[in-house]
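A.B. asks: Quick one: the structure is below, questions incoming.
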Amino acid sequence: MTDREVAHRLFSKEFNESVFDINNFYLKDESQRSAQNYMLSPLGRKINRVYVVGTVTEVDIFGTENNLIKARLVDSSGAFIIYSNIFEPQVTKILLDIEVPFFAAVVGKINAYSPDNDKILVSILPEVINEVDTKVRDNWIMSTVEFSLNRLNILSDIVSSNISDLNDEGKIPENTFNENELKYINLAIEKYNISSKYIKEFTKVVKKSIESIEITTTLKNSAENVIESLMIELDEGKGVVYSDLMEKAKSLGLSETAIDDAATALLSKGRCYEPKIGILRPI
């Protein structure tokens, strides 16, 4: 029984730039190549499977028999493209039954294809997709930032000092990467022509992703304020019918999910109560 491949956490920028095929490089004989896709990322990861979290913003059905699904999963650095067969029940149920936008966690395999001879595109073939909450999304961002910055720091040390092995003391942190992993880091530097400028720009992108956590918190607080203000405005002494509150809030641009979350938060914080089912009153 073969070990299952590690599901790497990485931002869409790194994923979409992972266009170097490791199989083709090391195994020239097609009969020796693995059926698996192994792509080399610019940060030196040997990628087969990924674990990513973001916002599903688009879902389309296409194909000659309308049997394929294409989805767009957005993070702070760009977007992952997801392709799935409509007959995959778990994936199909999530993508087609839930109203976009929504947060989702995806585990799947990288798929590389070339629409022409000059360009390679990558996408995710999902194994599992689940709707998740803000907490899961934020935890994924923080851990992915940590993993990415760690690799960027190693890349920076190697590029700036021309290190290519494990024997240069003071530059490669002990037990951070083994010899095989460093082989792929050095290969990425060579094949992607990684420079100090590229590393600095990539580092800015990674650090900027933390801002999305702060923005989400601000938007959540803002939605609560809007819902509370609407309750006060619409309440004529007996409370507000929730469906009326929902309709009014949606007209202001809030999604149903944001409205539900804000109302639930206000109830839990004691800023409103429910005298009857379906009726909310501000306090």
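If you're wondering about the labels, chains in the structure tokens are A, B, ... by order shown, residues count from 1 in each chain, ligands from 1 in order shown.
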If you run DSSP on the backbone here, which positions in range 25-79 of chain A get strand (DSSP E)? Please write them as a PyMOL selection string.
C.D. replies: chain A and resi 39-40+46-47+49-62+68-75+78-79
A.B. asks: Keeping only N, CA and C atoms, write the selected residues to a file as a short mmCIF file (atom, residue, chain, number, x, y, z; two decimals), in the first residue's frame.
C.D. replies:
```cif
data_model
loop_
_atom_site.label_atom_id
_atom_site.label_comp_id
_atom_site.auth_asym_id
_atom_site.auth_seq_id
_atom_site.Cartn_x
_atom_site.Cartn_y
_atom_site.Cartn_z
N MET A 39 4.13 18.54 -9.91
CA MET A 39 4.57 19.82 -10.40
C MET A 39 5.48 20.48 -9.36
N LEU A 40 6.46 21.22 -9.85
CA LEU A 40 7.39 21.93 -8.98
C LEU A 40 6.91 23.36 -8.80
N LYS A 46 7.31 19.92 -4.16
CA LYS A 46 6.92 18.88 -5.12
C LYS A 46 5.44 18.60 -4.87
N ILE A 47 4.60 19.11 -5.76
CA ILE A 47 3.16 19.14 -5.49
C ILE A 47 2.41 18.07 -6.27
N ARG A 49 -0.85 16.85 -4.26
CA ARG A 49 -2.12 17.15 -3.63
C ARG A 49 -2.01 18.48 -2.88
N VAL A 50 -3.16 19.16 -2.75
CA VAL A 50 -3.19 20.44 -2.06
C VAL A 50 -4.38 20.50 -1.11
N TYR A 51 -4.25 21.34 -0.10
CA TYR A 51 -5.36 21.69 0.79
C TYR A 51 -5.47 23.20 0.78
N VAL A 52 -6.55 23.72 0.22
CA VAL A 52 -6.70 25.17 0.08
C VAL A 52 -8.07 25.60 0.60
N VAL A 53 -8.13 26.85 1.04
CA VAL A 53 -9.37 27.42 1.56
C VAL A 53 -9.54 28.81 0.97
N GLY A 54 -10.75 29.13 0.57
CA GLY A 54 -11.01 30.44 0.00
C GLY A 54 -12.50 30.65 -0.17
N THR A 55 -12.85 31.62 -1.00
CA THR A 55 -14.25 31.95 -1.26
C THR A 55 -14.65 31.47 -2.65
N VAL A 56 -15.66 30.61 -2.70
CA VAL A 56 -16.20 30.19 -3.99
C VAL A 56 -17.04 31.34 -4.53
N THR A 57 -16.63 31.90 -5.66
CA THR A 57 -17.32 33.07 -6.21
C THR A 57 -18.08 32.76 -7.49
N GLU A 58 -17.71 31.67 -8.17
CA GLU A 58 -18.37 31.32 -9.43
C GLU A 58 -18.46 29.81 -9.54
N VAL A 59 -19.58 29.33 -10.05
CA VAL A 59 -19.76 27.90 -10.35
C VAL A 59 -20.49 27.81 -11.68
N ASP A 60 -19.92 27.08 -12.63
CA ASP A 60 -20.52 26.93 -13.96
C ASP A 60 -20.59 25.46 -14.34
N ILE A 61 -21.66 25.09 -15.03
CA ILE A 61 -21.78 23.75 -15.61
C ILE A 61 -21.53 23.86 -17.10
N PHE A 62 -20.70 22.96 -17.64
CA PHE A 62 -20.38 23.03 -19.05
C PHE A 62 -20.10 21.63 -19.58
N LEU A 68 -19.78 18.61 -16.62
CA LEU A 68 -18.57 19.10 -15.95
C LEU A 68 -18.89 20.37 -15.16
N ILE A 69 -18.17 20.54 -14.06
CA ILE A 69 -18.33 21.73 -13.23
C ILE A 69 -17.01 22.48 -13.16
N LYS A 70 -17.08 23.77 -13.33
CA LYS A 70 -15.91 24.63 -13.15
C LYS A 70 -16.24 25.63 -12.05
N ALA A 71 -15.35 25.74 -11.07
CA ALA A 71 -15.56 26.68 -9.97
C ALA A 71 -14.32 27.53 -9.77
N ARG A 72 -14.53 28.70 -9.23
CA ARG A 72 -13.45 29.64 -8.95
C ARG A 72 -13.38 29.85 -7.44
N LEU A 73 -12.22 29.53 -6.85
CA LEU A 73 -12.01 29.67 -5.42
C LEU A 73 -10.97 30.76 -5.19
N VAL A 74 -11.39 31.86 -4.58
CA VAL A 74 -10.56 33.05 -4.48
C VAL A 74 -9.89 33.14 -3.12
N ASP A 75 -8.59 33.46 -3.13
CA ASP A 75 -7.89 33.84 -1.91
C ASP A 75 -7.29 35.22 -2.11
N GLY A 78 -5.10 35.67 -5.47
CA GLY A 78 -5.60 35.33 -6.80
C GLY A 78 -6.74 34.33 -6.69
N ALA A 79 -6.73 33.33 -7.57
CA ALA A 79 -7.83 32.35 -7.58
C ALA A 79 -7.35 30.99 -8.05
#
```
A.B. asks: Would you list the contacts of Ala258 in chain A as a ChimeraX atom specification, taking every protein, DNA or RNA residue within 10 Å and counting only C-alpha atoms, but skipping same-chain residues closer than 2 positions in sequence?
C.D. replies: /A:219-220,223-224,227,249-250,253-256,260-264
A.B. asks: Which distance in Å separates CA of Val132 in chain A and CA of Leu96 in chain A, to one decimal?
C.D. replies: 15.5 Å
A.B. asks: Which residues, written as a PyMOL selection string, have at least one atom at most 12 Å from Trp140 in chain A, with only C-alpha atoms counted and residues fewer than 6 positions away on the same chain left out?
C.D. replies: chain A and resi 8-11+51-54+75+103-106+132-134+146-148+209-210+212-213
A.B. asks: Could you write those residues out with C-alpha atoms, as an mmCIF file, in the first residue's frame?
C.D. replies:
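Generated output (again25.cif):
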```
data_model
loop_
_atom_site.group_PDB
_atom_site.id
_atom_site.type_symbol
_atom_site.label_atom_id
_atom_site.label_comp_id
_atom_site.auth_asym_id
_atom_site.auth_seq_id
_atom_site.Cartn_x
_atom_site.Cartn_y
_atom_site.Cartn_z
ATOM 1 C CA HIS A 8 0.288 21.114 0.638
ATOM 2 C CA ARG A 9 -1.093 24.398 1.961
ATOM 3 C CA LEU A 10 -0.238 27.151 -0.491
ATOM 4 C CA PHE A 11 -1.674 30.363 -1.843
ATOM 5 C CA TYR A 51 -5.357 21.686 0.791
ATOM 6 C CA VAL A 52 -6.697 25.168 0.083
ATOM 7 C CA VAL A 53 -9.370 27.424 1.565
ATOM 8 C CA GLY A 54 -11.011 30.443 0.005
ATOM 9 C CA ASP A 75 -7.895 33.835 -1.907
ATOM 10 C CA PHE A 103 -16.102 29.852 2.157
ATOM 11 C CA ALA A 104 -14.916 26.387 1.162
ATOM 12 C CA ALA A 105 -12.061 24.044 1.998
ATOM 13 C CA VAL A 106 -10.796 21.854 -0.841
ATOM 14 C CA VAL A 132 -16.421 26.176 6.175
ATOM 15 C CA ASP A 133 -16.672 29.215 8.405
ATOM 16 C CA THR A 134 -14.469 32.272 8.812
ATOM 17 C CA GLU A 146 3.867 30.563 8.205
ATOM 18 C CA PHE A 147 4.741 27.730 5.793
ATOM 19 C CA SER A 148 5.250 30.123 2.874
ATOM 20 C CA SER A 209 -2.975 37.958 2.952
ATOM 21 C CA ILE A 210 -3.147 38.580 6.718
ATOM 22 C CA SER A 212 -7.956 39.737 4.619
ATOM 23 C CA ILE A 213 -8.494 38.401 8.141
#
```
A.B. asks: Excluding Ala188 in chain A and any residue of its chain fewer than 3 positions from it, enumerate the residues within 6 Å of it, using only C-alpha atoms, and give them as a list in words.
C.D. replies: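 Close residues of Ala188 in chain A: Pro42, Gly44, Ile185, Lys191 and Tyr192 of chain A.
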A.B. asks: Measure the distance from CA of Lys93 in chain A to CA of Asn48 in chain A in Å and round it to one decimal.
C.D. replies: 24.7 Å
A.B. asks: With only C-alpha atoms as the atoms that count, which of A:Lys13, A:Lys109, A:Lys200, A:Lys238 lies nearest to Ser41 in chain A?
C.D. replies: A:Lys13
